[in-house]
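K.L.:
The structure file start.cif (mmCIF, C-alpha atoms and all ligand atoms) is provided below.
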data_run
loop_
_atom_site.label_atom_id
_atom_site.label_comp_id
_atom_site.auth_asym_id
_atom_site.auth_seq_id
_atom_site.Cartn_x
_atom_site.Cartn_y
_atom_site.Cartn_z
CA MET A 1498 23.59 -16.07 -4.57
CA ILE A 1499 22.02 -13.31 -2.44
CA SER A 1500 23.95 -12.09 0.56
CA ARG A 1501 21.98 -11.59 3.74
CA PRO A 1502 21.14 -7.91 4.34
CA ARG A 1503 21.33 -6.21 7.74
CA SER A 1504 18.56 -3.77 7.03
CA ILE A 1505 15.79 -4.24 4.50
CA VAL A 1506 12.93 -2.08 3.26
CA VAL A 1507 10.09 -3.73 1.32
CA LEU A 1508 7.59 -1.74 -0.74
CA THR A 1509 4.38 -3.42 -1.84
CA GLY A 1510 1.74 -2.41 -4.35
CA ALA A 1511 -1.59 -3.69 -5.61
CA GLY A 1512 0.03 -6.74 -7.26
CA ILE A 1513 0.61 -8.42 -3.90
CA SER A 1514 -3.12 -8.40 -3.18
CA ALA A 1515 -4.23 -9.36 -6.71
CA GLU A 1516 -4.27 -13.08 -5.96
CA SER A 1517 -6.41 -12.37 -2.88
CA GLY A 1518 -9.09 -11.07 -5.26
CA ILE A 1519 -8.52 -7.31 -5.02
CA GLU A 1520 -8.17 -5.67 -8.41
CA THR A 1521 -5.05 -3.66 -9.24
CA PHE A 1522 -5.27 -0.10 -10.58
CA ARG A 1523 -3.67 -0.23 -14.02
CA ALA A 1524 -4.60 -3.68 -15.34
CA ALA A 1525 -6.90 -3.74 -18.39
CA GLU A 1526 -9.91 -4.38 -16.13
CA GLY A 1527 -8.40 -2.60 -13.11
CA LEU A 1528 -9.85 0.14 -10.92
CA TRP A 1529 -8.63 2.99 -13.12
CA ALA A 1530 -10.19 1.41 -16.21
CA ASN A 1531 -13.62 1.79 -14.63
CA HIS A 1532 -13.26 4.99 -12.60
CA ARG A 1533 -11.82 8.40 -13.38
CA VAL A 1534 -8.89 9.14 -11.08
CA ASP A 1535 -9.82 12.84 -11.06
CA ASP A 1536 -13.30 12.02 -9.80
CA VAL A 1537 -12.53 9.56 -7.01
CA ALA A 1538 -8.91 10.11 -5.98
CA THR A 1539 -8.31 13.86 -5.80
CA PRO A 1540 -9.34 16.55 -3.28
CA GLU A 1541 -10.98 18.41 -6.19
CA GLY A 1542 -13.10 15.38 -7.09
CA PHE A 1543 -14.21 15.10 -3.45
CA ALA A 1544 -15.16 18.78 -3.37
CA ARG A 1545 -17.14 18.41 -6.64
CA ASN A 1546 -19.03 15.22 -5.83
CA PRO A 1547 -18.40 13.85 -2.32
CA GLN A 1548 -21.15 11.23 -2.63
CA LEU A 1549 -19.39 9.57 -5.58
CA VAL A 1550 -16.14 9.44 -3.60
CA TYR A 1551 -17.80 8.07 -0.44
CA GLU A 1552 -19.49 5.37 -2.54
CA PHE A 1553 -16.22 4.38 -4.27
CA TYR A 1554 -14.48 3.78 -0.94
CA ASN A 1555 -17.57 2.27 0.70
CA GLN A 1556 -17.69 -0.32 -2.08
CA ARG A 1557 -14.00 -1.11 -1.76
CA ARG A 1558 -14.33 -1.42 2.04
CA ARG A 1559 -17.33 -3.75 1.68
CA GLN A 1560 -15.35 -5.92 -0.74
CA LEU A 1561 -12.34 -6.04 1.61
CA LEU A 1562 -14.57 -7.22 4.46
CA THR A 1563 -16.18 -10.11 2.55
CA PRO A 1564 -15.09 -13.57 3.75
CA GLU A 1565 -13.66 -14.35 0.28
CA ILE A 1566 -10.87 -11.80 0.71
CA SER A 1567 -7.98 -12.96 2.86
CA PRO A 1568 -4.17 -12.67 2.95
CA ASN A 1569 -2.33 -14.87 0.46
CA ALA A 1570 0.99 -16.72 0.59
CA ALA A 1571 2.93 -13.56 -0.29
CA HIS A 1572 1.52 -11.55 2.62
CA SER A 1573 2.22 -14.51 4.93
CA ALA A 1574 5.78 -14.93 3.66
CA LEU A 1575 6.58 -11.29 4.49
CA ALA A 1576 5.13 -11.65 8.00
CA LYS A 1577 7.14 -14.84 8.55
CA PHE A 1578 10.31 -13.20 7.28
CA GLU A 1579 9.84 -10.21 9.60
CA HIS A 1580 9.36 -12.58 12.53
CA GLU A 1581 12.47 -14.67 11.79
CA PHE A 1582 14.87 -12.06 10.40
CA ASP A 1583 17.43 -10.75 12.89
CA GLY A 1584 18.08 -7.41 11.14
CA GLU A 1585 16.06 -4.23 10.64
CA PHE A 1586 12.88 -4.67 8.63
CA LEU A 1587 10.35 -2.09 7.43
CA LEU A 1588 7.36 -2.90 5.24
CA VAL A 1589 5.89 0.07 3.35
CA THR A 1590 2.68 -0.56 1.47
CA GLN A 1591 0.86 1.60 -1.03
CA ASN A 1592 -2.18 -0.60 -0.48
CA VAL A 1593 -5.15 0.59 1.53
CA ASP A 1594 -6.31 -2.95 2.32
CA ASN A 1595 -5.44 -4.60 5.65
CA LEU A 1596 -4.05 -7.89 4.33
CA HIS A 1597 -0.48 -7.34 5.58
CA GLU A 1598 -1.61 -6.83 9.17
CA ARG A 1599 -4.03 -9.74 8.93
CA ALA A 1600 -1.10 -11.92 7.84
CA GLY A 1601 0.86 -10.78 10.92
CA SER A 1602 3.16 -8.00 9.65
CA GLN A 1603 4.04 -5.53 12.39
CA ASN A 1604 6.54 -2.90 11.33
CA LEU A 1605 4.24 -1.60 8.62
CA ILE A 1606 3.51 1.81 7.11
CA HIS A 1607 0.42 2.45 4.98
CA MET A 1608 1.83 5.35 2.99
CA HIS A 1609 -1.42 5.84 1.01
CA GLY A 1610 -3.73 5.46 4.00
CA GLU A 1611 -6.21 2.77 4.99
CA LEU A 1612 -9.70 1.80 3.84
CA LEU A 1613 -10.70 0.89 7.38
CA LYS A 1614 -10.03 4.39 8.71
CA MET A 1615 -11.79 7.74 8.30
CA ARG A 1616 -10.60 11.21 9.23
CA CYS A 1617 -12.31 14.29 10.63
CA LEU A 1618 -11.72 17.30 8.38
CA ASN A 1619 -11.76 19.65 11.40
CA SER A 1620 -9.71 17.90 14.07
CA LYS A 1621 -7.70 15.61 11.70
CA LEU A 1622 -8.40 12.81 14.20
CA VAL A 1623 -8.47 9.35 12.61
CA PHE A 1624 -11.10 6.73 13.52
CA ASP A 1625 -11.51 3.05 12.70
CA VAL A 1626 -14.44 2.35 10.39
CA SER A 1627 -15.84 -0.90 9.06
CA GLU A 1628 -19.23 0.37 7.86
CA ASP A 1629 -20.31 2.67 5.04
CA PHE A 1630 -20.12 6.36 5.84
CA ASP A 1631 -20.89 9.51 3.89
CA TYR A 1632 -21.76 13.19 4.07
CA ASP A 1633 -24.63 12.50 6.50
CA THR A 1634 -22.56 10.49 8.98
CA HIS A 1635 -21.99 12.27 12.30
CA CYS A 1636 -18.36 12.64 13.27
CA ARG A 1637 -17.34 11.05 16.57
CA CYS A 1638 -15.45 14.15 17.67
CA CYS A 1639 -17.48 17.11 16.32
CA ARG A 1640 -20.79 15.27 16.59
CA SER A 1641 -21.97 16.90 13.36
CA ALA A 1642 -22.39 15.63 9.80
CA GLY A 1643 -20.34 16.50 6.71
CA ASN A 1644 -16.89 16.41 8.34
CA LEU A 1645 -15.64 12.93 7.54
CA ARG A 1646 -13.47 11.78 4.66
CA PRO A 1647 -11.74 8.50 3.82
CA HIS A 1648 -8.28 8.27 5.43
CA VAL A 1649 -6.79 7.66 2.01
CA VAL A 1650 -4.09 9.74 0.30
CA TRP A 1651 -5.32 11.30 -2.93
CA PHE A 1652 -3.33 12.60 -5.88
CA GLY A 1653 -1.84 15.98 -4.98
CA GLU A 1654 -1.60 15.06 -1.27
CA MET A 1655 1.50 14.11 0.71
CA PRO A 1656 1.85 10.38 1.47
CA LEU A 1657 2.01 9.45 5.14
CA GLN A 1658 5.13 8.98 7.30
CA MET A 1659 7.60 10.03 4.60
CA ASN A 1660 10.29 11.03 7.14
CA ARG A 1661 10.34 7.56 8.62
CA ILE A 1662 10.33 5.95 5.18
CA ASN A 1663 13.17 8.11 3.85
CA SER A 1664 15.29 7.48 6.89
CA ALA A 1665 14.82 3.70 6.53
CA LEU A 1666 15.65 3.90 2.79
CA GLU A 1667 18.81 5.87 3.50
CA ASN A 1668 19.97 3.26 5.99
CA CYS A 1669 18.97 0.01 4.30
CA ASP A 1670 21.26 -2.33 2.41
CA MET A 1671 18.44 -4.04 0.50
CA PHE A 1672 15.28 -2.64 -1.06
CA VAL A 1673 12.62 -4.95 -2.51
CA ALA A 1674 9.60 -3.71 -4.50
CA ILE A 1675 6.74 -6.19 -4.90
CA GLY A 1676 3.77 -5.93 -7.28
CA THR A 1677 3.97 -2.23 -8.04
CA SER A 1678 4.04 -0.64 -11.49
CA GLY A 1679 6.24 2.29 -10.40
CA ASN A 1680 3.83 4.84 -11.82
CA VAL A 1681 3.20 6.88 -8.73
CA TYR A 1682 5.68 9.23 -7.09
CA PRO A 1683 7.23 9.23 -4.48
CA ALA A 1684 7.07 5.42 -4.12
CA SER A 1685 8.39 5.04 -7.67
CA GLY A 1686 11.63 6.78 -6.61
CA PHE A 1687 12.34 4.71 -3.50
CA TYR A 1688 14.67 2.30 -5.29
CA GLN A 1689 16.80 5.25 -6.43
CA THR A 1690 17.13 6.61 -2.88
CA ALA A 1691 18.20 3.14 -1.74
CA LYS A 1692 20.62 2.75 -4.66
CA ILE A 1693 22.38 6.03 -3.89
CA ARG A 1694 23.19 4.51 -0.48
CA LYS A 1695 24.56 1.39 -2.25
CA ALA A 1696 21.67 -0.86 -1.26
CA SER A 1697 20.92 -3.75 -3.58
CA THR A 1698 17.54 -3.35 -5.26
CA VAL A 1699 15.19 -6.13 -6.29
CA GLU A 1700 11.86 -6.16 -8.09
CA LEU A 1701 9.38 -9.03 -7.72
CA ASN A 1702 6.59 -8.61 -10.25
CA LEU A 1703 4.43 -10.50 -12.70
CA GLU A 1704 6.09 -8.49 -15.44
CA ARG A 1705 9.19 -6.36 -15.71
CA THR A 1706 8.49 -2.65 -15.14
CA GLY A 1707 10.56 0.17 -16.63
CA SER A 1708 12.58 0.80 -13.44
CA SER A 1709 16.23 -0.30 -13.34
CA PHE A 1710 16.49 -2.53 -10.31
CA ASP A 1711 19.68 -4.56 -9.84
CA ARG A 1712 17.62 -7.70 -10.06
CA HIS A 1713 14.19 -8.54 -11.52
CA VAL A 1714 12.30 -11.68 -10.51
CA ARG A 1715 9.26 -12.34 -12.63
CA GLY A 1716 6.25 -14.34 -11.42
CA PRO A 1717 3.06 -14.25 -9.39
CA ALA A 1718 3.59 -12.86 -5.90
CA THR A 1719 2.28 -16.02 -4.20
CA GLU A 1720 5.18 -17.93 -5.76
CA CYS A 1721 8.10 -15.55 -6.02
CA VAL A 1722 7.69 -13.76 -2.66
CA PRO A 1723 7.84 -16.94 -0.49
CA GLN A 1724 10.76 -18.27 -2.58
CA PHE A 1725 12.75 -15.05 -2.43
CA PHE A 1726 12.33 -14.44 1.30
CA GLU A 1727 12.95 -18.09 2.24
CA SER A 1728 16.23 -17.97 0.33
CA LEU A 1729 17.15 -14.70 2.06
CA LEU A 1730 16.64 -16.33 5.46
CA ARG A 1731 18.86 -19.23 4.43
CA SER A 1732 21.61 -16.99 3.01
P1 LIG A 1801 -0.73 -0.82 -10.33
O1 LIG A 1801 -2.08 -1.30 -10.70
O2 LIG A 1801 -0.23 0.42 -10.97
O3 LIG A 1801 0.36 -1.95 -10.63
C1 LIG A 1801 0.18 -3.27 -10.16
C2 LIG A 1801 1.46 -4.03 -10.45
O4 LIG A 1801 1.30 -5.33 -9.91
C3 LIG A 1801 1.80 -4.19 -11.93
O5 LIG A 1801 3.17 -3.87 -12.13
C4 LIG A 1801 1.53 -5.68 -12.21
O6 LIG A 1801 2.45 -6.22 -13.17
C5 LIG A 1801 1.77 -6.29 -10.85
N1 LIG A 1801 1.01 -7.53 -10.59
C6 LIG A 1801 -0.27 -7.81 -10.94
N2 LIG A 1801 -0.62 -9.02 -10.50
C7 LIG A 1801 0.46 -9.54 -9.85
C8 LIG A 1801 0.73 -10.77 -9.16
N3 LIG A 1801 -0.20 -11.72 -9.05
N4 LIG A 1801 1.96 -10.94 -8.64
C9 LIG A 1801 2.91 -9.97 -8.76
N5 LIG A 1801 2.72 -8.80 -9.38
C10 LIG A 1801 1.50 -8.57 -9.92
O7 LIG A 1801 -0.71 -0.69 -8.72
P2 LIG A 1801 0.32 0.11 -7.80
O8 LIG A 1801 1.68 0.12 -8.37
O9 LIG A 1801 0.14 -0.41 -6.41
O10 LIG A 1801 -2.48 5.30 -5.33
O11 LIG A 1801 -0.29 1.57 -7.86
C11 LIG A 1801 0.33 2.58 -7.11
C12 LIG A 1801 -0.69 3.59 -6.68
O12 LIG A 1801 -1.43 4.04 -7.82
C13 LIG A 1801 -1.76 3.08 -5.77
O13 LIG A 1801 -1.38 3.02 -4.41
C14 LIG A 1801 -2.86 4.07 -5.96
C15 LIG A 1801 -2.83 4.14 -7.46
O14 LIG A 1801 -3.34 5.26 -8.05
C16 LIG A 1801 -3.40 6.19 -4.95
O15 LIG A 1801 -4.59 6.01 -5.13
C17 LIG A 1801 -2.83 7.42 -4.33
#
Write the structure described by the file as structure tokens, please.

P.N.:
Amino acid sequence: MISRPRSIVVLTGAGISAESGIETFRAAEGLWANHRVDDVATPEGFARNPQLVYEFYNQRRRQLLTPEISPNAAHSALAKFEHEFDGEFLLVTQNVDNLHERAGSQNLIHMHGELLKMRCLNSKLVFDVSEDFDYDTHCRCCRSAGNLRPHVVWFGEMPLQMNRINSALENCDMFVAIGTSGNVYPASGFYQTAKIRKASTVELNLERTGSSFDRHVRGPATECVPQFFESLLRS
């Protein structure tokens, strides 16, 4: 029997979007099987070959915007829970897709950035983008080319809004990680921060990862996320 928390932080990873048709990173046929992380997800890779990096994110953005890709039952269950829950709720996603917001989630942090945003290297201003862009695209603030990069956090860079995330983790009494392998720091350490503050920690994943959560629920996100959050609302 789960007791109803007063404050909950949920972390999601690529596994929650897998059943929407977006590939995860570390599956056998995942994104990192077909692309070198150093080439497409580091500042050094961008400096070496910006065109390759632009094309990687342009392709992913195009895929996200096809009609076949839409939020699934797990994204919707989290939005419903946030709407009906009377305590504090923060959703932190490592995903750069927009499926949580399309499902209706509101208190949401994209700690690894967003595919549908680009950033000016000079002003650091962030702009919405739904089309391809590259080295030749003119920036909306500087009006010149060569200044735009994807608003995505690369390896070696600081994830976004960490102060807000840490403060929520330190004050929550339940932490739930969904569809993440726990390979990438600092997200992989969130459950430990929550545990130190005596929060209960739960993992919902297709398979058990190496992290020691208090509870592990195995199954596809579209099944176990709606079940878990419905039972939390009833508790
Ligand atoms: P991974 O690809 O590392 O892990 C995906 C996790 O989702 C695995 O643990 C799978 O078991 C699980 N999974 C797959 N399908 C599922 C399903 N249908 N239901 C439930 N779980 C499922 O992706 P992340 O952990 O999100 O960062 O990766 C973390 C970060 O590494 C990403 O944000 C990205 C990447 O490099 C950056 O690029 C900075």

K.L.:
Each residue of chain A with at least one atom at most 9 Å from ligand LIG 1801 (chain A) should appear once, together with its nearest atom pair and the corresponding distance in Å (one decimal); atoms considered: all atoms listed in the file; ordering: chain, then increasing residue number; output as JSON lines.

P.N.:
{"residue": "A:Thr1509", "atom": "CA", "partner": "A:LIG1801", "partner_atom": "O9", "distance": 6.9}
{"residue": "A:Gly1510", "atom": "CA", "partner": "A:LIG1801", "partner_atom": "O9", "distance": 3.3}
{"residue": "A:Ala1511", "atom": "CA", "partner": "A:LIG1801", "partner_atom": "O9", "distance": 3.8}
{"residue": "A:Gly1512", "atom": "CA", "partner": "A:LIG1801", "partner_atom": "O4", "distance": 3.3}
{"residue": "A:Ile1513", "atom": "CA", "partner": "A:LIG1801", "partner_atom": "N4", "distance": 5.5}
{"residue": "A:Ser1514", "atom": "CA", "partner": "A:LIG1801", "partner_atom": "N3", "distance": 7.3}
{"residue": "A:Ala1515", "atom": "CA", "partner": "A:LIG1801", "partner_atom": "N3", "distance": 5.2}
{"residue": "A:Glu1516", "atom": "CA", "partner": "A:LIG1801", "partner_atom": "N3", "distance": 5.3}
{"residue": "A:Ser1517", "atom": "CA", "partner": "A:LIG1801", "partner_atom": "N3", "distance": 8.8}
{"residue": "A:Glu1520", "atom": "CA", "partner": "A:LIG1801", "partner_atom": "O1", "distance": 7.8}
{"residue": "A:Thr1521", "atom": "CA", "partner": "A:LIG1801", "partner_atom": "O1", "distance": 4.1}
{"residue": "A:Phe1522", "atom": "CA", "partner": "A:LIG1801", "partner_atom": "O1", "distance": 3.4}
{"residue": "A:Arg1523", "atom": "CA", "partner": "A:LIG1801", "partner_atom": "O1", "distance": 3.8}
{"residue": "A:Ala1524", "atom": "CA", "partner": "A:LIG1801", "partner_atom": "O1", "distance": 5.8}
{"residue": "A:Gly1527", "atom": "CA", "partner": "A:LIG1801", "partner_atom": "O1", "distance": 6.9}
{"residue": "A:Leu1528", "atom": "CA", "partner": "A:LIG1801", "partner_atom": "O1", "distance": 7.9}
{"residue": "A:Trp1529", "atom": "CA", "partner": "A:LIG1801", "partner_atom": "O14", "distance": 7.7}
{"residue": "A:Val1534", "atom": "CA", "partner": "A:LIG1801", "partner_atom": "O14", "distance": 7.4}
{"residue": "A:Val1537", "atom": "CA", "partner": "A:LIG1801", "partner_atom": "O15", "distance": 8.9}
{"residue": "A:Ala1538", "atom": "CA", "partner": "A:LIG1801", "partner_atom": "O15", "distance": 6.0}
{"residue": "A:Thr1539", "atom": "CA", "partner": "A:LIG1801", "partner_atom": "C17", "distance": 8.6}
{"residue": "A:Ala1571", "atom": "CA", "partner": "A:LIG1801", "partner_atom": "N4", "distance": 8.8}
{"residue": "A:Thr1590", "atom": "CA", "partner": "A:LIG1801", "partner_atom": "O13", "distance": 8.0}
{"residue": "A:Gln1591", "atom": "CA", "partner": "A:LIG1801", "partner_atom": "O13", "distance": 4.3}
{"residue": "A:Asn1592", "atom": "CA", "partner": "A:LIG1801", "partner_atom": "O13", "distance": 5.4}
{"residue": "A:Val1593", "atom": "CA", "partner": "A:LIG1801", "partner_atom": "O13", "distance": 7.4}
{"residue": "A:Met1608", "atom": "CA", "partner": "A:LIG1801", "partner_atom": "O13", "distance": 8.4}
{"residue": "A:His1609", "atom": "CA", "partner": "A:LIG1801", "partner_atom": "C17", "distance": 5.7}
{"residue": "A:Gly1610", "atom": "CA", "partner": "A:LIG1801", "partner_atom": "C17", "distance": 8.6}
{"residue": "A:Val1649", "atom": "CA", "partner": "A:LIG1801", "partner_atom": "C17", "distance": 7.5}
{"residue": "A:Val1650", "atom": "CA", "partner": "A:LIG1801", "partner_atom": "C17", "distance": 5.3}
{"residue": "A:Trp1651", "atom": "CA", "partner": "A:LIG1801", "partner_atom": "C17", "distance": 4.8}
{"residue": "A:Phe1652", "atom": "CA", "partner": "A:LIG1801", "partner_atom": "C17", "distance": 5.4}
{"residue": "A:Gly1653", "atom": "CA", "partner": "A:LIG1801", "partner_atom": "C17", "distance": 8.6}
{"residue": "A:Glu1654", "atom": "CA", "partner": "A:LIG1801", "partner_atom": "C17", "distance": 8.3}
{"residue": "A:Pro1656", "atom": "CA", "partner": "A:LIG1801", "partner_atom": "C17", "distance": 8.0}
{"residue": "A:Ile1675", "atom": "CA", "partner": "A:LIG1801", "partner_atom": "N5", "distance": 6.6}
{"residue": "A:Gly1676", "atom": "CA", "partner": "A:LIG1801", "partner_atom": "O4", "distance": 3.7}
{"residue": "A:Thr1677", "atom": "CA", "partner": "A:LIG1801", "partner_atom": "O8", "distance": 3.3}
{"residue": "A:Ser1678", "atom": "CA", "partner": "A:LIG1801", "partner_atom": "O5", "distance": 3.4}
{"residue": "A:Gly1679", "atom": "CA", "partner": "A:LIG1801", "partner_atom": "O8", "distance": 5.4}
{"residue": "A:Asn1680", "atom": "CA", "partner": "A:LIG1801", "partner_atom": "O2", "distance": 6.1}
{"residue": "A:Val1681", "atom": "CA", "partner": "A:LIG1801", "partner_atom": "C11", "distance": 5.4}
{"residue": "A:Tyr1682", "atom": "CA", "partner": "A:LIG1801", "partner_atom": "C12", "distance": 8.5}
{"residue": "A:Ala1684", "atom": "CA", "partner": "A:LIG1801", "partner_atom": "C11", "distance": 7.9}
{"residue": "A:Ser1685", "atom": "CA", "partner": "A:LIG1801", "partner_atom": "O8", "distance": 8.3}
{"residue": "A:Leu1701", "atom": "CA", "partner": "A:LIG1801", "partner_atom": "C9", "distance": 6.6}
{"residue": "A:Asn1702", "atom": "CA", "partner": "A:LIG1801", "partner_atom": "N5", "distance": 4.0}
{"residue": "A:Leu1703", "atom": "CA", "partner": "A:LIG1801", "partner_atom": "N5", "distance": 4.1}
{"residue": "A:Glu1704", "atom": "CA", "partner": "A:LIG1801", "partner_atom": "O6", "distance": 4.9}
{"residue": "A:Arg1705", "atom": "CA", "partner": "A:LIG1801", "partner_atom": "O6", "distance": 7.2}
{"residue": "A:Thr1706", "atom": "CA", "partner": "A:LIG1801", "partner_atom": "O5", "distance": 6.2}
{"residue": "A:Arg1715", "atom": "CA", "partner": "A:LIG1801", "partner_atom": "C9", "distance": 7.8}
{"residue": "A:Gly1716", "atom": "CA", "partner": "A:LIG1801", "partner_atom": "C9", "distance": 6.1}
{"residue": "A:Pro1717", "atom": "CA", "partner": "A:LIG1801", "partner_atom": "N4", "distance": 3.6}
{"residue": "A:Ala1718", "atom": "CA", "partner": "A:LIG1801", "partner_atom": "N4", "distance": 3.7}
{"residue": "A:Thr1719", "atom": "CA", "partner": "A:LIG1801", "partner_atom": "N4", "distance": 6.8}
{"residue": "A:Glu1720", "atom": "CA", "partner": "A:LIG1801", "partner_atom": "N4", "distance": 8.2}
{"residue": "A:Cys1721", "atom": "CA", "partner": "A:LIG1801", "partner_atom": "C9", "distance": 8.1}
{"residue": "A:Val1722", "atom": "CA", "partner": "A:LIG1801", "partner_atom": "C9", "distance": 8.6}

K.L.:
For a quick check of understanding, using only C-alpha atoms, which of A:Asp1629, A:Glu1541, A:Asp1670, A:Glu1598 has the smallest distance to Ser1573 of chain A?

P.N.:
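Closest candidate: A:Glu1598.
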
K.L.:
May I ask for the distance between atom CA of Asn1668 of chain A and atom CA of Phe1687 of chain A, given in Å to one decimal place?

P.N.:
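Separating atom CA of Asn1668 of chain A from atom CA of Phe1687 of chain A is a distance of 12.3 Å.
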
K.L.:
For the atom pair atom CA of Met1659 of chain A and atom CA of Gln1724 of chain A, what is the interatomic distance in Å to one decimal place?

P.N.:
29.4 Å

K.L.:
Taking (-19.1, 4.9, 0.6) as a centre in this file's frame and 6 Å as the limit, can you find every polymer residue with an atom that close, using all atoms listed in the file, and give them as a ChimeraX atom specification?

P.N.:
/A:1551-1555,1629-1631

K.L.:
Near Leu1605 of chain A, within 7 Å and counting only C-alpha atoms, which residues show up once chain neighbours fewer than 6 positions away are dropped, as an MDAnalysis selection string?

P.N.:
chainID A and resid 1587:1589

K.L.:
Can I get the selection written as a compact mmCIF listing (two decimals), keeping the file's coordinate frame, with C-alpha atoms?

P.N.:
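Dumped to part.txt:
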# COMPACT_ATOMS: atom_id res chain seq x y z
CA LEU A 1587 10.35 -2.09 7.43
CA LEU A 1588 7.36 -2.90 5.24
CA VAL A 1589 5.89 0.07 3.35

K.L.:
Atom CA of Ala1576 of chain A to atom CA of Thr1690 of chain A: how many Å, to one decimal?

P.N.:
24.4 Å

K.L.:
Please, which residues in segment 1593-1712 of chain A fall within 10 Å of segment 1544-1547 of chain A when counting only C-alpha atoms, and what is the closest atom pair and distance in Å to one decimal for each, ordered by chain then residue number, as a tab-separated table?

P.N.:
residue	atom	partner	partner_atom	distance
A:Asp1631	CA	A:Pro1547	CA	8.0
A:Tyr1632	CA	A:Pro1547	CA	7.2
A:Gly1643	CA	A:Pro1547	CA	9.6
A:Arg1646	CA	A:Pro1547	CA	8.8

K.L.:
Fewer than 2 positions away in the same chain doesn't count, so skip those; otherwise give me all residues within 8 Å of Glu1565 of chain A, counting only C-alpha atoms, as a list in words.

P.N.:
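Answer for this query is Gly1518, Thr1563 and Ser1567 of chain A.
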
K.L.:
Could those selected residues go to a file with C-alpha atoms, as a PDB file, in the coordinates of the input?

P.N.:
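Ended up saving to result_0.pdb:
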ATOM      1  CA  GLY A1518      -9.090 -11.070  -5.260  1.00  0.00           C
ATOM      2  CA  THR A1563     -16.180 -10.110   2.550  1.00  0.00           C
ATOM      3  CA  SER A1567      -7.980 -12.960   2.860  1.00  0.00           C
TER       4      SER A1567
END

K.L.:
Tell me which of A:Glu1526, A:Met1671, A:Gly1542, A:His1713 sits closest to Ile1505 of chain A, counting only C-alpha atoms.

P.N.:
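Result for the nearest residue to Ile1505 of chain A: A:Met1671.
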
K.L.:
Which polymer residues have any atom within 7 Å of an atom of Phe1586 of chain A, counting only C-alpha atoms, with same-chain residues fewer than 5 positions away left out, as a short mmCIF file (atom, residue, chain, number, x, y, z; two decimals) with C-alpha atoms, in the coordinates of the input?

P.N.:
data_model
loop_
_atom_site.label_atom_id
_atom_site.label_comp_id
_atom_site.auth_asym_id
_atom_site.auth_seq_id
_atom_site.Cartn_x
_atom_site.Cartn_y
_atom_site.Cartn_z
CA SER A 1504 18.56 -3.77 7.03
CA ILE A 1505 15.79 -4.24 4.50
CA VAL A 1506 12.93 -2.08 3.26
CA GLU A 1579 9.84 -10.21 9.60
#

K.L.:
Of the candidates A:Asn1604, A:Leu1730, A:Lys1577, A:Asn1663, which shows the shortest atom-to-atom distance to Gln1689 of chain A, using only C-alpha atoms?

P.N.:
A:Asn1663

K.L.:
Please work out which residues fall within 10 Å of (24.8, -0.3, -0.5), coordinates as given in the file, with all atoms listed in the file counting, and return them as a PDB file with C-alpha atoms, in the coordinates of the input.

P.N.:
ATOM      1  CA  PRO A1502      21.140  -7.910   4.340  1.00  0.00           C
ATOM      2  CA  GLU A1667      18.810   5.870   3.500  1.00  0.00           C
ATOM      3  CA  ASN A1668      19.970   3.260   5.990  1.00  0.00           C
ATOM      4  CA  CYS A1669      18.970   0.010   4.300  1.00  0.00           C
ATOM      5  CA  ASP A1670      21.260  -2.330   2.410  1.00  0.00           C
ATOM      6  CA  MET A1671      18.440  -4.040   0.500  1.00  0.00           C
ATOM      7  CA  PHE A1672      15.280  -2.640  -1.060  1.00  0.00           C
ATOM      8  CA  ALA A1691      18.200   3.140  -1.740  1.00  0.00           C
ATOM      9  CA  LYS A1692      20.620   2.750  -4.660  1.00  0.00           C
ATOM     10  CA  ILE A1693      22.380   6.030  -3.890  1.00  0.00           C
ATOM     11  CA  ARG A1694      23.190   4.510  -0.480  1.00  0.00           C
ATOM     12  CA  LYS A1695      24.560   1.390  -2.250  1.00  0.00           C
ATOM     13  CA  ALA A1696      21.670  -0.860  -1.260  1.00  0.00           C
ATOM     14  CA  SER A1697      20.920  -3.750  -3.580  1.00  0.00           C
ATOM     15  CA  THR A1698      17.540  -3.350  -5.260  1.00  0.00           C
TER      16      THR A1698
END

K.L.:
A:Asn1595, A:Ser1728, A:Gln1603, A:Ser1627: which is nearest Gln1556 of chain A, counting all atoms listed in the file?

P.N.:
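For Gln1556 of chain A, the nearest of the candidates is A:Ser1627.
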
K.L.:
Which neighbours of Cys1617 of chain A fall inside 12 Å, counting all atoms listed in the file, when residues of the same chain fewer than 6 positions from it are skipped, and could you give them as a list in words?

P.N.:
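Non-adjacent residues within range: Val1623, Phe1624, Asp1625, Asp1631, Tyr1632, Thr1634, His1635, Cys1636, Arg1637, Cys1638, Cys1639, Arg1640, Ser1641, Ala1642, Gly1643, Asn1644, Leu1645, Arg1646, Pro1647 and His1648 of chain A.
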
K.L.:
Looking at only C-alpha atoms, which of A:Phe1582, A:Ile1519, A:Phe1710, A:Leu1508 is the one that sits closest to Pro1683 of chain A?

P.N.:
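Nearest to Pro1683 of chain A: A:Leu1508.
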